[in-house]
Amino acid sequence: MKSNNKRKLKKADFIILGLAAVLVIYIVYRIKVTIRYEWAWEILPKYIFRFDDKLGRWVSAAIFSGFIMTIKLSIWGIILGTAIGIVMGILRVHTELFGRVISRVYVDLIRNIPPLVLVFIFYFFFSSQILDNLGLEELVKASGPVIQSILTVIFIKPSLFNEFLSAVLSIALYEGAYITEIVRAGIESIPKGQWEAGHAIGLSRYRQFRHIILPQALRNVLPPLSGQFISTIKDSAIVSVISVPELSFQGMQVMASTYASFETWIVITGLYFILTFSCAAFFGRLLQRLKAAD
Amino acid sequence: MNSKITGDTIISTKNISKTFSRDIKALEKVSLEVKQKEVVVIIGPSGSGKSTLLRCLNGLEEIDEGSITIDNTPLDGHHHNRLKIRTEVGMVFQNFNLFPHMTVGDNIRIGPRHVRKQNQAEADQITDELLKKVGIYDKIDAYPRQLSGGQQQRVAIARALAMNPLIMLFDEPTSALDPEMVGEVLEVMKDLAHEGMTMLVVTHEMGFAREVGDRIIFMDEGKIVEENSIDDFFDNPEEKRSKQFLSKILHNGGC
Ligand SMILES: Nc1ncnc2c1ncn2[C@@H]1O[C@H](COP(=O)(O)OP(=O)(O)OP(=O)(O)O)[C@@H](O)[C@H]1O
Ligand SMILES: [Mg+2]
C-alpha cells in the first residue's frame, strides 16, 4: 500500500518535473548563448588531486584538502556542539534556577548574534587574547614531530592551530545553542508520569533521567538533531572568513587563480552535497533501524 | 473492623496542607492514621484532593504544613528518609506509566537492580515470581504497547511490588480501563489485600470497597469529610455531603 503510493507519479509530479527541466534548459541556454561561457573543466582536476614529483605519488590539492578540512570542522563542531547542547539542555530542565538561567542566557545570546560576528569575536578576541596567552600554538610547535603529525591529521597543521580552534569553538557554540533547544524539547516531550513512575520505585533523579527519560528523548530528538548536523556541515563554510582552508575558502582560492568560477562552484556544491547527503542517509538508516526494532 | 489488623500504625499524617499556585487548596489540615494491613478506600468528587493526598505520601508533592510519618520514619528534608519512604511505598497510577522503551521484564527489574542493588539472578527471580502472580508471565519479553490496558496495569502493580513495599498506593487504578478489564486488575488487588498488604486505594469501585475495604474516607474540597466503616458509609452515611455524593455515583453506576 504505502510503497505503491510512494512510487506512483501523480499529475502534479509531472508538472514539477517539467518545470525543473525547463529551468535547467534555460540556465544552460543562458550560459552557452548569452554569456558565451567558455567551459574549462580540464584545468580543475589538478586542483583536486595532483601528482607530487618529489614524493612520487598522488597528493590531495586545494579542493580535496578543503573537503577534508570541512569534514574535520564538521565532526569536531558536531561533537563539541552536541556536548554543549546536552549539558545546556539538561541545565534548562533542571530544578535549580541557576542552571536554567545560564542555559537561557547562552541560547538567547547566541541566537541573537549573527554567526559571522561570532566567528570574528572568537578569532580576534578569544584567539588573540586568550589562546595566545595560553601559549597553545607554541606548545604545539614545540612538541615532537610524531605528536605534530598526529595533531595535523586530527586537527590542522601547527601554524593554523589558533584559527582552527577559534573556528571549531565558534561553530560548536553556535550549533550548541540550537542543539540545546532540541535537547530541551526532547526531554520535555516525555510525559511527567515517566519521571513520577521512576520516583515511585525509588530511582534517584539521575537514574530516572539516565534510564527512563534519556532513552526515550533520544529517539524524539534524532530527526531534528540530524537536521542540525546537516546545518553544521553547511554552516562551517562561514569560518572561511578567518582563512581556515575549508572547502569554500579553497573554492575561492581556486576560482581566483583559474577564473573557472562555474566549474569550481559546481564541484564545491557537489562535494557539500556528498557530505550532507551521506549524513542524511546515515540518520535515515539509523531511524529506520530504530523503527524496525519497535 | 477486621481482625487481621494488628494495631501498629504505619502511616500517620498530622494536619497536612498543600496549596498549589493561584490559591488552590488541594489539601487542608488532613490528619490520617492507617494501621498495618489495613485497606483504606478513598472516595470524593473530582478535585477533592485524593490524588494529592496519595502523592504527598510518597514525596511526589511537597506538603506546605503538617507532618507525615511512615513506618516510624518522618518524611522530612533528610534525603535518606525520603529515599527510604519512596522505596517502602509503592504507587500505581491511573495511566499505568509503564516505561514504553523497556520490555515488561525490564520494567519490573529496574527497581530491584538499581535501587535495591540486587544482582541479575535475584532480580530475574523476583520478576518471574511477580509476573506469575499477576498472571502475565508469558508477556515477560513483550513491550507495554503490545499489552491490553488491564495487562499493563497488572505489570505496573508487579513493578511496584518488586520493591517489596510495606504500603501500596492506588490512584484510580481501573478508571482508564475498558469495563471488561476492570475485573482482572481488581482481582490482583484483592489478592494483595488478602495477603495483608497495607493499601490506600482511590477508587469508585464499590464492589471492591465492600469486599476488601476496612475503612472508607470521603474527601471534599481538600478535607476529610467522613471516615467510616465501609458498610456504615454505604448504608447509613453520617454526613450530608457523603449522602449527596453517594446518590450521584450510584445513579451513574460508578464513576
Ligand atoms: N500540579 C498541580 N498544579 C496546580 N494545581 C493542581 C496540581 N495538582 C492538583 N491540583 C489541584 O488541586 C486540587 C486537587 O487535585 P487532585 O488531583 O488531588 O484531586 P482528585 O481528588 O484526585 O481529583 P480527580 O478525581 O479528578 O482525580 C484540584 O483543584 C487540582 O486542580
Ligand atoms: Mg486524582
# chains A, B, ... in the order shown; residues from 1 in each chain; ligands from 1
>>> residues_around(residues="Tyr174 in chain A", least_positions_apart="5", cutoff="9 Å", atoms="only C-alpha atoms", output="ChimeraX atom specification")
/A:81,107,110-111,115,118,169
>>> write_last_selection(atoms="all heavy atoms", output="PDB file, in the first residue's frame")
ATOM      1  N   GLY A  81      29.531  20.692  19.832  1.00  0.00           N
ATOM      2  CA  GLY A  81      28.218  21.334  19.869  1.00  0.00           C
ATOM      3  C   GLY A  81      27.191  20.441  20.552  1.00  0.00           C
ATOM      4  O   GLY A  81      26.360  20.915  21.323  1.00  0.00           O
ATOM      5  N   VAL A 107      21.577  30.524  25.203  1.00  0.00           N
ATOM      6  CA  VAL A 107      20.803  30.315  23.983  1.00  0.00           C
ATOM      7  C   VAL A 107      20.365  31.654  23.386  1.00  0.00           C
ATOM      8  O   VAL A 107      20.521  31.899  22.188  1.00  0.00           O
ATOM      9  CB  VAL A 107      19.580  29.414  24.260  1.00  0.00           C
ATOM     10  CG1 VAL A 107      18.649  29.396  23.059  1.00  0.00           C
ATOM     11  CG2 VAL A 107      20.035  28.009  24.582  1.00  0.00           C
ATOM     12  N   ILE A 110      23.453  33.619  21.850  1.00  0.00           N
ATOM     13  CA  ILE A 110      23.963  33.079  20.589  1.00  0.00           C
ATOM     14  C   ILE A 110      22.971  33.283  19.460  1.00  0.00           C
ATOM     15  O   ILE A 110      23.342  33.641  18.345  1.00  0.00           O
ATOM     16  CB  ILE A 110      24.275  31.571  20.734  1.00  0.00           C
ATOM     17  CG1 ILE A 110      25.369  31.332  21.769  1.00  0.00           C
ATOM     18  CG2 ILE A 110      24.665  30.977  19.385  1.00  0.00           C
ATOM     19  CD1 ILE A 110      26.726  31.829  21.400  1.00  0.00           C
ATOM     20  N   ARG A 111      21.690  33.078  19.761  1.00  0.00           N
ATOM     21  CA  ARG A 111      20.718  33.159  18.682  1.00  0.00           C
ATOM     22  C   ARG A 111      20.501  34.586  18.215  1.00  0.00           C
ATOM     23  O   ARG A 111      19.919  34.812  17.165  1.00  0.00           O
ATOM     24  CB  ARG A 111      19.395  32.530  19.115  1.00  0.00           C
ATOM     25  CG  ARG A 111      19.547  31.037  19.228  1.00  0.00           C
ATOM     26  CD  ARG A 111      18.271  30.329  18.927  1.00  0.00           C
ATOM     27  NE  ARG A 111      17.226  30.688  19.878  1.00  0.00           N
ATOM     28  CZ  ARG A 111      16.116  29.981  20.033  1.00  0.00           C
ATOM     29  NH1 ARG A 111      15.922  28.900  19.328  1.00  0.00           N
ATOM     30  NH2 ARG A 111      15.217  30.350  20.907  1.00  0.00           N
ATOM     31  N   PRO A 115      26.029  34.816  13.073  1.00  0.00           N
ATOM     32  CA  PRO A 115      27.123  33.854  13.190  1.00  0.00           C
ATOM     33  C   PRO A 115      28.469  34.414  12.712  1.00  0.00           C
ATOM     34  O   PRO A 115      29.516  34.100  13.269  1.00  0.00           O
ATOM     35  CB  PRO A 115      26.669  32.676  12.341  1.00  0.00           C
ATOM     36  CG  PRO A 115      25.430  33.104  11.644  1.00  0.00           C
ATOM     37  CD  PRO A 115      24.873  34.264  12.379  1.00  0.00           C
ATOM     38  N   LEU A 118      30.015  36.213  15.455  1.00  0.00           N
ATOM     39  CA  LEU A 118      30.505  35.263  16.451  1.00  0.00           C
ATOM     40  C   LEU A 118      31.888  34.737  16.058  1.00  0.00           C
ATOM     41  O   LEU A 118      32.806  34.645  16.867  1.00  0.00           O
ATOM     42  CB  LEU A 118      29.511  34.103  16.563  1.00  0.00           C
ATOM     43  CG  LEU A 118      29.726  33.153  17.719  1.00  0.00           C
ATOM     44  CD1 LEU A 118      29.362  33.832  19.024  1.00  0.00           C
ATOM     45  CD2 LEU A 118      28.888  31.896  17.545  1.00  0.00           C
ATOM     46  N   LEU A 169      35.433  26.211  17.868  1.00  0.00           N
ATOM     47  CA  LEU A 169      34.696  26.697  19.033  1.00  0.00           C
ATOM     48  C   LEU A 169      33.507  27.551  18.625  1.00  0.00           C
ATOM     49  O   LEU A 169      32.426  27.433  19.198  1.00  0.00           O
ATOM     50  CB  LEU A 169      35.626  27.491  19.960  1.00  0.00           C
ATOM     51  CG  LEU A 169      36.568  26.613  20.778  1.00  0.00           C
ATOM     52  CD1 LEU A 169      37.522  27.471  21.599  1.00  0.00           C
ATOM     53  CD2 LEU A 169      35.780  25.683  21.694  1.00  0.00           C
TER      54      LEU A 169
END
>>> select_by_dssp(residues="range 152-245 of chain B", states="strand (DSSP E or B)", output="list in words")
Ile167, Met168, Leu169, Phe170, Asp171, Thr198, Met199, Leu200, Val201, Val202, Arg215, Ile216, Ile217, Phe218, Met219, Asp220, Lys223, Ile224, Val225, Glu226, Glu227 and Asn228 of chain B
>>> closest_atom_pairs(of="chain B", to="ligand 2", cutoff="8 Å", atoms="only C-alpha atoms and all ligand atoms", output="Markdown table")
| residue | atom | partner | partner_atom_place_in_ligand_line | distance |
| --- | --- | --- | --- | --- |
| B:Ser46 | CA | ligand 2 | 1 (Mg) | 6.9 |
| B:Gly47 | CA | ligand 2 | 1 (Mg) | 6.9 |
| B:Gly49 | CA | ligand 2 | 1 (Mg) | 7.0 |
| B:Lys50 | CA | ligand 2 | 1 (Mg) | 5.6 |
| B:Ser51 | CA | ligand 2 | 1 (Mg) | 4.0 |
| B:Thr52 | CA | ligand 2 | 1 (Mg) | 7.1 |
| B:Asp171 | CA | ligand 2 | 1 (Mg) | 6.6 |
| B:Glu172 | CA | ligand 2 | 1 (Mg) | 7.1 |
| B:Val202 | CA | ligand 2 | 1 (Mg) | 7.9 |
>>> interface_residues(of="chain B", to="chain A", cutoff="9 Å", atoms="only C-alpha atoms", output="VMD selection string")
chain B and resid 58 to 60 83 to 93 95 to 102 110 to 112 114 to 116 143 159 to 160 162 to 163
>>> residues_near_ligand(ligand="ligand 1", cutoff="9 Å", atoms="only C-alpha atoms and all ligand atoms", output="JSON list (two decimals) with C-alpha atoms, in the first residue's frame")
[["chain", "number", "residue", "atom", "x", "y", "z"],
["B", 18, "LYS", "CA", -0.97, 21.65, 50.30],
["B", 19, "THR", "CA", -1.69, 24.76, 48.30],
["B", 20, "PHE", "CA", -1.00, 24.98, 44.60],
["B", 21, "SER", "CA", -0.50, 28.22, 42.78],
["B", 22, "ARG", "CA", -3.47, 30.55, 42.48],
["B", 23, "ASP", "CA", -4.63, 29.62, 45.98],
["B", 24, "ILE", "CA", -5.93, 26.19, 45.08],
["B", 25, "LYS", "CA", -6.11, 24.43, 48.43],
["B", 26, "ALA", "CA", -5.68, 20.82, 47.37],
["B", 27, "LEU", "CA", -5.33, 19.61, 50.97],
["B", 43, "ILE", "CA", -13.51, 8.50, 47.51],
["B", 44, "GLY", "CA", -14.67, 12.00, 46.72],
["B", 45, "PRO", "CA", -15.59, 14.26, 43.85],
["B", 46, "SER", "CA", -13.11, 15.36, 41.21],
["B", 47, "GLY", "CA", -10.61, 17.89, 42.53],
["B", 48, "SER", "CA", -11.21, 16.98, 46.16],
["B", 49, "GLY", "CA", -7.53, 16.21, 46.76],
["B", 50, "LYS", "CA", -7.47, 12.41, 46.64],
["B", 51, "SER", "CA", -4.54, 12.16, 44.26],
["B", 52, "THR", "CA", -2.70, 14.94, 46.03],
["B", 53, "LEU", "CA", -3.01, 13.08, 49.33],
["B", 54, "LEU", "CA", -1.50, 9.91, 47.86],
["B", 55, "ARG", "CA", 1.22, 11.87, 46.07],
["B", 61, "GLU", "CA", 4.37, 16.50, 46.17],
["B", 94, "GLN", "CA", -4.31, 5.72, 36.69],
["B", 171, "ASP", "CA", -4.76, 6.15, 42.37],
["B", 172, "GLU", "CA", -7.86, 5.20, 40.40],
["B", 202, "VAL", "CA", -8.65, 5.83, 45.46],
["B", 203, "THR", "CA", -11.49, 4.18, 43.59],
["B", 219, "MET", "CA", -12.93, 13.76, 50.86],
["B", 220, "ASP", "CA", -14.28, 17.03, 49.59],
["B", 221, "GLU", "CA", -12.51, 20.33, 48.94],
["B", 222, "GLY", "CA", -9.24, 19.13, 50.35]]
>>> residues_around(residues="Glu227 in chain B", least_positions_apart="4", cutoff="7 Å", atoms="only C-alpha atoms", output="list in words")
Ile216, Ile217 and Phe218 of chain B
>>> residues_around(residues="range 194-200 of chain B", least_positions_apart="4", cutoff="9 Å", atoms="only C-alpha atoms", output="list in words")
Lys4, Ile5, Ile10, Val34, Lys35, Gln36, Lys37, Glu38, Val39, Val40, Val41, Ile42, Leu54, Pro165, Leu166, Ile167, Met168, Leu169, Phe170, Asp171, Met189, Lys190 and Val212 of chain B
>>> atom_distance(atom1="CA of Pro245 in chain A", atom2="CA of Ser65 in chain A")
7.9 Å
>>> residues_around(residues="Arg100 in chain A", least_positions_apart="6", cutoff="12 Å", atoms="only C-alpha atoms", output="list in words")
Val87, Met88, Gly89, Ile90, Leu91, Arg92, Val93, His94, Tyr106, Val107, Thr180 and Arg184 of chain A
>>> select_by_dssp(residues="range 21-205 of chain B", states="helix (DSSP H, G or I)", output="count of residues only")
78
>>> residues_around(residues="range 67-69 of chain A", least_positions_apart="5", cutoff="9 Å", atoms="only C-alpha atoms", output="list in words")
Ala62, Ser74, Phe155, Ile156, Val244, Pro245, Glu246, Leu247, Ser248, Gln250, Ile268, Leu271 and Tyr272 of chain A
>>> atom_distance(atom1="CA of Phe124 in chain A", atom2="CA of Leu160 in chain A")
14.1 Å
>>> atom_distance(atom1="CA of Ser149 in chain A", atom2="CA of Ile75 in chain A")
18.9 Å
>>> residues_around(residues="Leu225 in chain A", least_positions_apart="4", cutoff="8 Å", atoms="only C-alpha atoms", output="list in words")
Ile179, Ile182, Val221 and Phe229 of chain A
